[in-house]
$ cat entry17.pdb   # PDB, C-alpha atoms
ATOM      1  CA  MET A   1     -26.027-120.217 123.269
ATOM      2  CA  ASP A   2     -24.667-120.698 119.744
ATOM      3  CA  PRO A   3     -22.021-117.958 119.234
ATOM      4  CA  ALA A   4     -22.539-118.207 115.478
ATOM      5  CA  ASN A   5     -26.237-117.409 115.870
ATOM      6  CA  PRO A   6     -27.023-115.899 119.269
ATOM      7  CA  SER A   7     -30.716-115.512 118.365
ATOM      8  CA  LEU A   8     -31.282-119.258 118.587
ATOM      9  CA  GLY A   9     -31.181-119.427 122.387
ATOM     10  CA  THR A  10     -30.880-122.544 124.564
ATOM     11  CA  PRO A  11     -32.340-125.966 123.595
ATOM     12  CA  HIS A  12     -34.928-125.589 126.362
ATOM     13  CA  LEU A  13     -35.962-122.195 125.025
ATOM     14  CA  LEU A  14     -36.103-123.608 121.480
ATOM     15  CA  GLU A  15     -38.527-126.355 122.546
ATOM     16  CA  ARG A  16     -40.697-123.861 124.379
ATOM     17  CA  ARG A  17     -40.823-121.621 121.307
ATOM     18  CA  ARG A  18     -41.771-124.550 119.067
ATOM     19  CA  PHE A  19     -44.530-125.554 121.470
ATOM     20  CA  THR A  20     -45.836-121.980 121.581
ATOM     21  CA  ALA A  21     -45.799-121.726 117.759
ATOM     22  CA  VAL A  22     -47.741-124.963 117.368
ATOM     23  CA  ILE A  23     -50.364-123.879 119.895
ATOM     24  CA  ALA A  24     -50.678-120.450 118.269
ATOM     25  CA  SER A  25     -51.112-121.883 114.761
ATOM     26  CA  GLY A  26     -53.713-124.303 116.057
ATOM     27  CA  LEU A  27     -55.642-121.511 117.698
ATOM     28  CA  LEU A  28     -55.593-119.477 114.494
ATOM     29  CA  ALA A  29     -56.608-122.306 112.189
ATOM     30  CA  ALA A  30     -59.214-124.059 114.231
ATOM     31  CA  PRO A  31     -61.748-121.690 115.835
ATOM     32  CA  LEU A  32     -64.431-122.464 113.288
ATOM     33  CA  ALA A  33     -63.719-126.184 113.419
ATOM     34  CA  ALA A  34     -64.008-126.065 117.207
ATOM     35  CA  GLN A  35     -67.281-124.213 116.897
ATOM     36  CA  ALA A  36     -68.587-126.866 114.501
ATOM     37  CA  GLN A  37     -67.547-129.637 116.896
ATOM     38  CA  GLN A  38     -69.253-127.908 119.811
ATOM     39  CA  THR A  39     -72.529-127.590 117.931
ATOM     40  CA  GLY A  40     -72.162-131.079 116.469
ATOM     41  CA  LYS A  41     -73.075-129.706 113.049
ATOM     42  CA  VAL A  42     -70.945-128.882 110.049
ATOM     43  CA  PRO A  43     -72.587-126.174 107.925
ATOM     44  CA  ARG A  44     -73.438-127.196 104.377
ATOM     45  CA  VAL A  45     -73.212-124.930 101.345
ATOM     46  CA  GLY A  46     -75.144-125.740  98.201
ATOM     47  CA  TRP A  47     -73.343-125.185  94.883
ATOM     48  CA  LEU A  48     -75.894-124.902  92.060
ATOM     49  CA  SER A  49     -74.542-124.640  88.520
ATOM     50  CA  PRO A  50     -75.880-124.890  84.971
ATOM     51  CA  GLY A  51     -72.541-126.379  83.933
ATOM     52  CA  SER A  52     -70.539-129.435  84.912
ATOM     53  CA  ALA A  53     -67.795-130.398  87.349
ATOM     54  CA  THR A  54     -65.323-129.878  84.499
ATOM     55  CA  SER A  55     -66.604-126.469  83.411
ATOM     56  CA  ASP A  56     -66.801-125.309  87.033
ATOM     57  CA  GLU A  57     -63.410-126.644  88.076
ATOM     58  CA  THR A  58     -61.587-123.292  88.091
ATOM     59  CA  PHE A  59     -64.498-121.441  89.699
ATOM     60  CA  LEU A  60     -65.058-124.012  92.433
ATOM     61  CA  ALA A  61     -61.322-124.079  93.166
ATOM     62  CA  SER A  62     -61.294-120.273  93.543
ATOM     63  CA  PHE A  63     -64.322-120.482  95.823
ATOM     64  CA  ARG A  64     -62.756-123.196  97.990
ATOM     65  CA  ASP A  65     -59.448-121.319  98.213
ATOM     66  CA  ALA A  66     -61.198-118.157  99.384
ATOM     67  CA  LEU A  67     -63.191-120.111 101.957
ATOM     68  CA  ARG A  68     -59.992-121.703 103.234
ATOM     69  CA  GLU A  69     -58.420-118.267 103.684
ATOM     70  CA  LEU A  70     -61.455-117.334 105.770
ATOM     71  CA  GLY A  71     -61.048-120.400 107.988
ATOM     72  CA  TRP A  72     -63.510-122.757 106.279
ATOM     73  CA  VAL A  73     -61.957-126.003 105.071
ATOM     74  CA  ALA A  74     -64.134-128.282 102.943
ATOM     75  CA  GLY A  75     -64.362-131.737 104.477
ATOM     76  CA  GLN A  76     -63.389-130.461 107.919
ATOM     77  CA  ASN A  77     -65.573-127.649 109.219
ATOM     78  CA  ILE A  78     -67.744-127.069 106.151
ATOM     79  CA  ALA A  79     -69.357-129.258 103.503
ATOM     80  CA  ILE A  80     -70.089-128.313  99.890
ATOM     81  CA  GLU A  81     -73.043-130.020  98.227
ATOM     82  CA  SER A  82     -72.569-129.619  94.468
ATOM     83  CA  ARG A  83     -75.336-129.996  91.909
ATOM     84  CA  TRP A  84     -74.661-129.557  88.187
ATOM     85  CA  ALA A  85     -77.252-129.314  85.417
ATOM     86  CA  GLU A  86     -74.708-130.396  82.757
ATOM     87  CA  GLY A  87     -76.123-127.817  80.354
ATOM     88  CA  ARG A  88     -79.712-129.009  80.829
ATOM     89  CA  PHE A  89     -81.275-125.856  82.224
ATOM     90  CA  GLU A  90     -84.640-127.540  82.657
ATOM     91  CA  GLN A  91     -83.090-129.569  85.488
ATOM     92  CA  LEU A  92     -82.166-126.535  87.570
ATOM     93  CA  PRO A  93     -85.498-126.304  89.466
ATOM     94  CA  ASP A  94     -85.256-129.947  90.584
ATOM     95  CA  LEU A  95     -81.614-129.556  91.585
ATOM     96  CA  ALA A  96     -82.411-126.410  93.559
ATOM     97  CA  ALA A  97     -85.283-128.210  95.309
ATOM     98  CA  GLU A  98     -82.907-131.041  96.183
ATOM     99  CA  LEU A  99     -80.514-128.618  97.891
ATOM    100  CA  VAL A 100     -83.430-127.158  99.840
ATOM    101  CA  ARG A 101     -84.417-130.646 101.009
ATOM    102  CA  LEU A 102     -80.852-131.159 102.204
ATOM    103  CA  LYS A 103     -81.337-128.070 104.389
ATOM    104  CA  VAL A 104     -78.159-126.348 103.282
ATOM    105  CA  GLU A 105     -77.371-123.101 105.089
ATOM    106  CA  VAL A 106     -76.726-121.131 101.898
ATOM    107  CA  ILE A 107     -76.919-121.699  98.128
ATOM    108  CA  VAL A 108     -74.261-120.348  95.744
ATOM    109  CA  ALA A 109     -75.618-119.879  92.219
ATOM    110  CA  GLY A 110     -74.223-118.446  88.988
ATOM    111  CA  GLY A 111     -76.246-117.090  86.084
ATOM    112  CA  SER A 112     -79.762-115.659  85.979
ATOM    113  CA  SER A 113     -81.550-118.953  85.232
ATOM    114  CA  THR A 114     -79.731-120.681  88.080
ATOM    115  CA  ILE A 115     -80.343-117.888  90.571
ATOM    116  CA  ARG A 116     -84.006-117.734  89.610
ATOM    117  CA  ALA A 117     -84.364-121.512  90.048
ATOM    118  CA  ALA A 118     -82.917-121.177  93.560
ATOM    119  CA  GLN A 119     -85.265-118.287  94.344
ATOM    120  CA  HIS A 120     -88.277-120.312  93.235
ATOM    121  CA  ALA A 121     -87.121-123.203  95.441
ATOM    122  CA  THR A 122     -86.720-121.136  98.618
ATOM    123  CA  ARG A 123     -87.528-117.732 100.021
ATOM    124  CA  THR A 124     -85.742-118.344 103.310
ATOM    125  CA  ILE A 125     -82.376-120.015 102.610
ATOM    126  CA  PRO A 126     -79.816-117.316 101.693
ATOM    127  CA  ILE A 127     -78.724-117.280  98.046
ATOM    128  CA  VAL A 128     -75.329-115.897  97.015
ATOM    129  CA  MET A 129     -74.913-114.851  93.374
ATOM    130  CA  ALA A 130     -71.442-115.725  92.088
ATOM    131  CA  VAL A 131     -72.243-114.493  88.576
ATOM    132  CA  SER A 132     -75.221-112.206  87.992
ATOM    133  CA  TYR A 133     -75.642-110.490  84.653
ATOM    134  CA  ASP A 134     -77.565-107.283  85.462
ATOM    135  CA  PRO A 135     -79.323-108.593  88.617
ATOM    136  CA  VAL A 136     -81.492-105.489  89.027
ATOM    137  CA  GLY A 137     -82.568-105.410  85.373
ATOM    138  CA  ARG A 138     -83.431-109.081  85.514
ATOM    139  CA  GLY A 139     -85.429-108.728  88.710
ATOM    140  CA  LEU A 140     -83.156-110.882  90.870
ATOM    141  CA  VAL A 141     -82.691-108.172  93.499
ATOM    142  CA  ALA A 142     -84.487-104.922  94.255
ATOM    143  CA  SER A 143     -81.310-102.830  94.062
ATOM    144  CA  LEU A 144     -77.569-103.217  94.488
ATOM    145  CA  ALA A 145     -77.502-101.235  97.741
ATOM    146  CA  ARG A 146     -80.597-102.910  99.202
ATOM    147  CA  PRO A 147     -81.059-106.287  97.529
ATOM    148  CA  GLY A 148     -83.994-107.293  99.725
ATOM    149  CA  GLY A 149     -85.289-110.833 100.112
ATOM    150  CA  ASN A 150     -82.865-113.716 100.526
ATOM    151  CA  THR A 151     -80.487-112.986  97.630
ATOM    152  CA  THR A 152     -77.248-111.013  97.382
ATOM    153  CA  GLY A 153     -73.786-111.484  95.900
ATOM    154  CA  VAL A 154     -71.737-110.167  92.989
ATOM    155  CA  SER A 155     -72.955-108.302  89.901
ATOM    156  CA  THR A 156     -71.048-108.751  86.643
ATOM    157  CA  LEU A 157     -72.298-105.465  85.132
ATOM    158  CA  GLY A 158     -73.996-107.182  82.197
ATOM    159  CA  ALA A 159     -75.831-104.079  81.014
ATOM    160  CA  GLU A 160     -72.951-101.636  81.478
ATOM    161  CA  LEU A 161     -70.014-103.303  79.712
ATOM    162  CA  PRO A 162     -71.262-103.875  76.122
ATOM    163  CA  GLY A 163     -70.358-100.309  75.143
ATOM    164  CA  LYS A 164     -66.796-100.779  76.406
ATOM    165  CA  ARG A 165     -66.527-104.008  74.419
ATOM    166  CA  LEU A 166     -67.679-102.201  71.288
ATOM    167  CA  GLU A 167     -65.078 -99.492  71.897
ATOM    168  CA  LEU A 168     -62.285-102.083  72.202
ATOM    169  CA  LEU A 169     -63.484-103.837  69.043
ATOM    170  CA  LYS A 170     -63.415-100.555  67.144
ATOM    171  CA  GLU A 171     -59.846 -99.953  68.335
ATOM    172  CA  THR A 172     -58.901-103.418  67.087
ATOM    173  CA  VAL A 173     -60.642-103.027  63.718
ATOM    174  CA  PRO A 174     -60.566 -99.245  63.145
ATOM    175  CA  GLN A 175     -61.841 -99.529  59.569
ATOM    176  CA  SER A 176     -65.078-101.158  60.714
ATOM    177  CA  ALA A 177     -68.315 -99.276  59.990
ATOM    178  CA  ARG A 178     -71.042-101.909  60.395
ATOM    179  CA  VAL A 179     -70.976-104.182  63.425
ATOM    180  CA  ALA A 180     -73.318-107.132  63.882
ATOM    181  CA  VAL A 181     -74.739-107.916  67.318
ATOM    182  CA  LEU A 182     -75.567-111.592  67.868
ATOM    183  CA  ALA A 183     -78.016-111.826  70.756
ATOM    184  CA  ASN A 184     -80.961-113.779  72.095
ATOM    185  CA  PRO A 185     -83.898-111.349  72.476
ATOM    186  CA  ALA A 186     -85.496-113.727  74.988
ATOM    187  CA  ALA A 187     -82.576-113.379  77.385
ATOM    188  CA  GLY A 188     -83.103-111.288  80.493
ATOM    189  CA  GLY A 189     -81.605-107.821  80.307
ATOM    190  CA  TYR A 190     -81.666-107.798  76.482
ATOM    191  CA  GLU A 191     -83.219-104.324  76.295
ATOM    192  CA  SER A 192     -80.685-102.735  78.660
ATOM    193  CA  VAL A 193     -77.765-104.333  76.792
ATOM    194  CA  MET A 194     -79.058-103.049  73.456
ATOM    195  CA  HIS A 195     -79.625 -99.589  74.911
ATOM    196  CA  ASN A 196     -75.992 -99.486  76.073
ATOM    197  CA  LEU A 197     -74.708-100.741  72.717
ATOM    198  CA  THR A 198     -76.819 -98.292  70.743
ATOM    199  CA  GLY A 199     -75.497 -95.314  72.689
ATOM    200  CA  ALA A 200     -71.900 -96.501  72.286
ATOM    201  CA  ALA A 201     -72.352 -97.108  68.548
ATOM    202  CA  GLN A 202     -73.635 -93.573  68.026
ATOM    203  CA  ALA A 203     -70.664 -92.133  69.907
ATOM    204  CA  LEU A 204     -68.246 -94.214  67.815
ATOM    205  CA  GLY A 205     -69.961 -93.536  64.498
ATOM    206  CA  LEU A 206     -70.841 -97.190  63.990
ATOM    207  CA  GLN A 207     -73.944 -98.769  62.493
ATOM    208  CA  LEU A 208     -75.320-101.780  64.352
ATOM    209  CA  ARG A 209     -76.994-104.730  62.680
ATOM    210  CA  VAL A 210     -78.825-106.810  65.293
ATOM    211  CA  VAL A 211     -79.022-110.502  64.391
ATOM    212  CA  GLU A 212     -81.360-112.353  66.711
ATOM    213  CA  LEU A 213     -80.686-115.934  67.771
ATOM    214  CA  ARG A 214     -83.436-117.835  69.570
ATOM    215  CA  SER A 215     -82.211-121.398  69.092
ATOM    216  CA  ALA A 216     -79.067-123.324  68.154
ATOM    217  CA  GLU A 217     -80.691-124.293  64.856
ATOM    218  CA  GLU A 218     -80.669-120.644  63.755
ATOM    219  CA  LEU A 219     -76.907-120.192  64.148
ATOM    220  CA  ASP A 220     -75.844-121.028  60.573
ATOM    221  CA  THR A 221     -78.579-118.783  59.170
ATOM    222  CA  ALA A 222     -77.477-115.962  61.464
ATOM    223  CA  PHE A 223     -73.923-116.045  60.137
ATOM    224  CA  ALA A 224     -75.149-116.345  56.562
ATOM    225  CA  THR A 225     -77.120-113.141  57.161
ATOM    226  CA  MET A 226     -74.024-111.353  58.460
ATOM    227  CA  THR A 227     -71.976-112.454  55.464
ATOM    228  CA  ARG A 228     -74.683-111.432  53.007
ATOM    229  CA  GLU A 229     -75.010-107.995  54.550
ATOM    230  CA  GLY A 230     -71.258-107.405  54.646
ATOM    231  CA  VAL A 231     -70.763-106.522  58.303
ATOM    232  CA  ASP A 232     -67.205-105.723  59.371
ATOM    233  CA  ALA A 233     -67.126-107.125  62.900
ATOM    234  CA  LEU A 234     -69.235-108.883  65.503
ATOM    235  CA  ILE A 235     -70.305-108.444  69.123
ATOM    236  CA  VAL A 236     -71.596-111.626  70.782
ATOM    237  CA  VAL A 237     -73.884-111.035  73.763
ATOM    238  CA  SER A 238     -73.463-113.822  76.306
ATOM    239  CA  ASP A 239     -76.514-115.876  77.212
ATOM    240  CA  PRO A 240     -76.012-118.830  79.600
ATOM    241  CA  ALA A 241     -79.187-120.549  78.432
ATOM    242  CA  LEU A 242     -78.180-120.539  74.752
ATOM    243  CA  MET A 243     -75.103-118.696  73.535
ATOM    244  CA  ASP A 244     -72.581-119.949  76.089
ATOM    245  CA  GLY A 245     -73.333-123.541  75.144
ATOM    246  CA  LEU A 246     -72.559-122.699  71.509
ATOM    247  CA  ARG A 247     -69.285-120.873  72.075
ATOM    248  CA  GLY A 248     -67.172-123.345  70.086
ATOM    249  CA  ARG A 249     -69.506-123.201  67.085
ATOM    250  CA  VAL A 250     -69.839-119.419  67.332
ATOM    251  CA  ALA A 251     -66.056-118.942  67.369
ATOM    252  CA  ASP A 252     -65.655-121.369  64.470
ATOM    253  CA  LEU A 253     -68.315-119.696  62.330
ATOM    254  CA  ALA A 254     -66.876-116.253  63.095
ATOM    255  CA  ALA A 255     -63.483-117.479  61.874
ATOM    256  CA  LYS A 256     -64.959-119.039  58.727
ATOM    257  CA  SER A 257     -66.890-115.832  58.056
ATOM    258  CA  ARG A 258     -63.663-113.864  58.656
ATOM    259  CA  LEU A 259     -65.412-111.723  61.259
ATOM    260  CA  PRO A 260     -63.384-110.196  64.106
ATOM    261  CA  ALA A 261     -65.545-110.873  67.162
ATOM    262  CA  MET A 262     -65.696-109.565  70.708
ATOM    263  CA  TYR A 263     -67.109-111.710  73.519
ATOM    264  CA  ASP A 264     -67.984-111.375  77.189
ATOM    265  CA  TRP A 265     -65.932-114.145  78.751
ATOM    266  CA  LYS A 266     -62.520-115.795  78.619
ATOM    267  CA  MET A 267     -64.000-119.186  77.703
ATOM    268  CA  TYR A 268     -64.939-117.839  74.251
ATOM    269  CA  VAL A 269     -61.346-116.788  73.574
ATOM    270  CA  GLU A 270     -60.125-120.188  74.748
ATOM    271  CA  ALA A 271     -62.559-121.701  72.223
ATOM    272  CA  GLY A 272     -60.960-119.690  69.414
ATOM    273  CA  GLY A 273     -62.684-116.306  69.662
ATOM    274  CA  LEU A 274     -60.656-113.185  68.917
ATOM    275  CA  MET A 275     -61.060-111.210  72.137
ATOM    276  CA  ALA A 276     -63.106-110.808  75.291
ATOM    277  CA  TYR A 277     -63.505-108.230  78.003
ATOM    278  CA  GLY A 278     -65.306-108.658  81.280
ATOM    279  CA  PRO A 279     -65.044-109.330  84.995
ATOM    280  CA  SER A 280     -62.711-112.083  86.196
ATOM    281  CA  LEU A 281     -65.027-115.006  86.911
ATOM    282  CA  PRO A 282     -62.584-116.733  89.283
ATOM    283  CA  GLU A 283     -62.481-113.471  91.232
ATOM    284  CA  THR A 284     -66.283-113.167  91.398
ATOM    285  CA  HIS A 285     -66.383-116.687  92.859
ATOM    286  CA  ARG A 286     -63.759-115.688  95.418
ATOM    287  CA  ARG A 287     -65.958-112.748  96.373
ATOM    288  CA  ALA A 288     -68.948-115.082  96.659
ATOM    289  CA  ALA A 289     -67.019-116.945  99.358
ATOM    290  CA  THR A 290     -66.844-113.777 101.456
ATOM    291  CA  TYR A 291     -70.643-113.558 101.372
ATOM    292  CA  VAL A 292     -70.941-117.194 102.465
ATOM    293  CA  ASP A 293     -68.565-116.470 105.330
ATOM    294  CA  LYS A 294     -70.601-113.487 106.509
ATOM    295  CA  ILE A 295     -73.900-115.354 106.235
ATOM    296  CA  LEU A 296     -72.595-118.352 108.173
ATOM    297  CA  LYS A 297     -71.499-115.920 110.874
ATOM    298  CA  GLY A 298     -74.995-114.482 111.188
ATOM    299  CA  ALA A 299     -75.432-111.807 108.496
ATOM    300  CA  THR A 300     -78.638-111.718 106.457
ATOM    301  CA  PRO A 301     -78.624-111.251 102.654
ATOM    302  CA  ALA A 302     -80.888-108.205 102.815
ATOM    303  CA  ASP A 303     -78.192-106.408 104.841
ATOM    304  CA  LEU A 304     -75.368-107.225 102.401
ATOM    305  CA  PRO A 305     -75.217-104.917  99.349
ATOM    306  CA  VAL A 306     -74.511-106.497  95.975
ATOM    307  CA  GLU A 307     -70.889-105.917  94.980
ATOM    308  CA  ARG A 308     -69.777-104.555  91.636
ATOM    309  CA  PRO A 309     -66.681-106.259  90.191
ATOM    310  CA  THR A 310     -63.352-104.515  90.583
ATOM    311  CA  LYS A 311     -61.171-106.786  88.439
ATOM    312  CA  PHE A 312     -61.695-106.965  84.692
ATOM    313  CA  GLU A 313     -59.881-109.065  82.101
ATOM    314  CA  LEU A 314     -58.938-108.262  78.518
ATOM    315  CA  LEU A 315     -58.100-111.445  76.654
ATOM    316  CA  ILE A 316     -56.780-111.679  73.107
ATOM    317  CA  ASN A 317     -56.281-114.725  70.897
ATOM    318  CA  LEU A 318     -53.259-113.749  68.787
ATOM    319  CA  LYS A 319     -53.498-116.942  66.741
ATOM    320  CA  THR A 320     -57.033-116.025  65.676
ATOM    321  CA  ALA A 321     -55.950-112.455  64.916
ATOM    322  CA  GLN A 322     -53.205-113.727  62.632
ATOM    323  CA  ALA A 323     -55.612-116.071  60.860
ATOM    324  CA  LEU A 324     -57.941-113.106  60.226
ATOM    325  CA  GLY A 325     -55.070-110.920  59.051
ATOM    326  CA  ILE A 326     -55.575-108.488  61.923
ATOM    327  CA  THR A 327     -52.778-106.631  63.666
ATOM    328  CA  ILE A 328     -53.703-106.069  67.287
ATOM    329  CA  PRO A 329     -52.749-102.535  68.402
ATOM    330  CA  SER A 330     -49.667-102.641  70.604
ATOM    331  CA  HIS A 331     -51.320-100.714  73.431
ATOM    332  CA  LEU A 332     -54.039-103.369  73.655
ATOM    333  CA  LEU A 333     -51.458-106.133  73.805
ATOM    334  CA  VAL A 334     -49.820-104.289  76.693
ATOM    335  CA  LEU A 335     -53.166-103.908  78.475
ATOM    336  CA  ALA A 336     -54.215-107.528  77.884
ATOM    337  CA  ASP A 337     -54.340-109.774  80.933
ATOM    338  CA  GLU A 338     -53.733-112.795  78.746
ATOM    339  CA  VAL A 339     -52.609-113.258  75.143
ATOM    340  CA  ILE A 340     -53.161-116.671  73.630
ATOM    341  CA  LYS A 341     -50.480-117.488  71.076
TER
END

$ encode --input "entry17.pdb" --output "structure tokens"
Amino acid sequence: MDPANPSLGTPHLLERRRFTAVIASGLLAAPLAAQAQQTGKVPRVGWLSPGSATSDETFLASFRDALRELGWVAGQNIAIESRWAEGRFEQLPDLAAELVRLKVEVIVAGGSSTIRAAQHATRTIPIVMAVSYDPVGRGLVASLARPGGNTTGVSTLGAELPGKRLELLKETVPQSARVAVLANPAAGGYESVMHNLTGAAQALGLQLRVVELRSAEELDTAFATMTREGVDALIVVSDPALMDGLRGRVADLAAKSRLPAMYDWKMYVEAGGLMAYGPSLPETHRRAATYVDKILKGATPADLPVERPTKFELLINLKTAQALGITIPSHLLVLADEVIK
């Protein structure tokens, strides 16, 4: 025994401890892999996205990391079949059908159009929603507690957060009286979002000016309308099928129009938007992994309630604020999860 460190023990004991540690770690890490080897089949998960490998990089990494923590290692005891629409939403039905033909065990989908494409492709393969903007209002599930059918996952509270965003925008621009709302009336959940915004505007003493956007070609005209009518600030309602693909142009036109704007997601702030507030999308994709884990272990979607997000992000682009001549209240800077300088 080493007198300087009596806890080390004899060389023989050391080797036995090392052997025991290796065996124990192997037993902890490999039960699912062993199960896959015994059945001769590695489960396959379909990843269906309206975006691209680049746009999904952070989300897919969060999903993989969460799976790994649950014992599923891509390329070892689980396979991920990824299909990206590259912004061409009309391709989603074909991509969903392709995943069905591959006989994946579960499909992970983000966004209403993507989830709906998966639902049209299959009524039997489980579908996990990684991002679902008001899934009940858009008819994706029957209810949060009892989703029914083959779909469950994470809700991003699309119809419940607009009022909070308006409140934060008012705090940032306290002198504002008229706020424009840029939204696509054809988007699912539009009515519930507007109902939430209208109630919040009344409580805050604000007048809303709804500016509808149905196509990318209408964007310049929409901002010209806002400028002509002298609105003080802007709320942009996210829409994966239209607005999200225009986020760079929207942020640029808001800056040129000198309009402080509030958005749903971090990606708008990264594109130059002033601020955003909403659920953490990497976290919703981590939560989606827990649903995949449960389903692969035998759970059915109908028995898994839809989760509401628990982590929200406030993001502020200080560079944009300075360009607009806006001083962000100190308490918001303290609350912000990320400040882009």

$ closest_residue --input "entry17.pdb" --among "A:Thr225, A:Ser257, A:Thr172, A:Thr290" --to "Pro329 (chain A)" --atoms "all atoms listed in the file"
A:Thr172

$ closest_residue --input "entry17.pdb" --among "A:Leu274, A:Ile107, A:Ala299, A:Ala288" --to "Lys319 (chain A)" --atoms "all atoms listed in the file"
A:Leu274

$ residues_around --input "entry17.pdb" --residues "region 276-280 of chain A" --least-positions-apart "4" --cutoff "8 Å" --atoms "all atoms listed in the file" --output "MDAnalysis selection string"
chainID A and resid 156 161 165 262:266 268:269 284 309:316

$ residues_around --input "entry17.pdb" --residues "region 81-85 of chain A" --least-positions-apart "3" --cutoff "12 Å" --atoms "only C-alpha atoms" --output "ChimeraX atom specification"
/A:43-57,60,74-75,78,88-110,113-114,117-118,241

$ atom_distance --input "entry17.pdb" --atom1 "CA of Ile235 (chain A)" --atom2 "CA of Ala261 (chain A)"
5.7 Å

$ axis_aligned_box --input "entry17.pdb" --around "region 209-216 of chain A" --padding-each-side "4 Å" --output "lines of an AutoDock Vina configuration file"
center_x = -80.2
center_y = -114.0
center_z = 66.1
size_x = 14.4
size_y = 26.6
size_z = 14.9

$ closest_residue --input "entry17.pdb" --among "A:Val250, A:Val237, A:Ala61, A:Val128" --to "Ala222 (chain A)" --atoms "only C-alpha atoms"
A:Val250

$ atom_distance --input "entry17.pdb" --atom1 "CA of Pro305 (chain A)" --atom2 "CA of Lys164 (chain A)"
24.8 Å
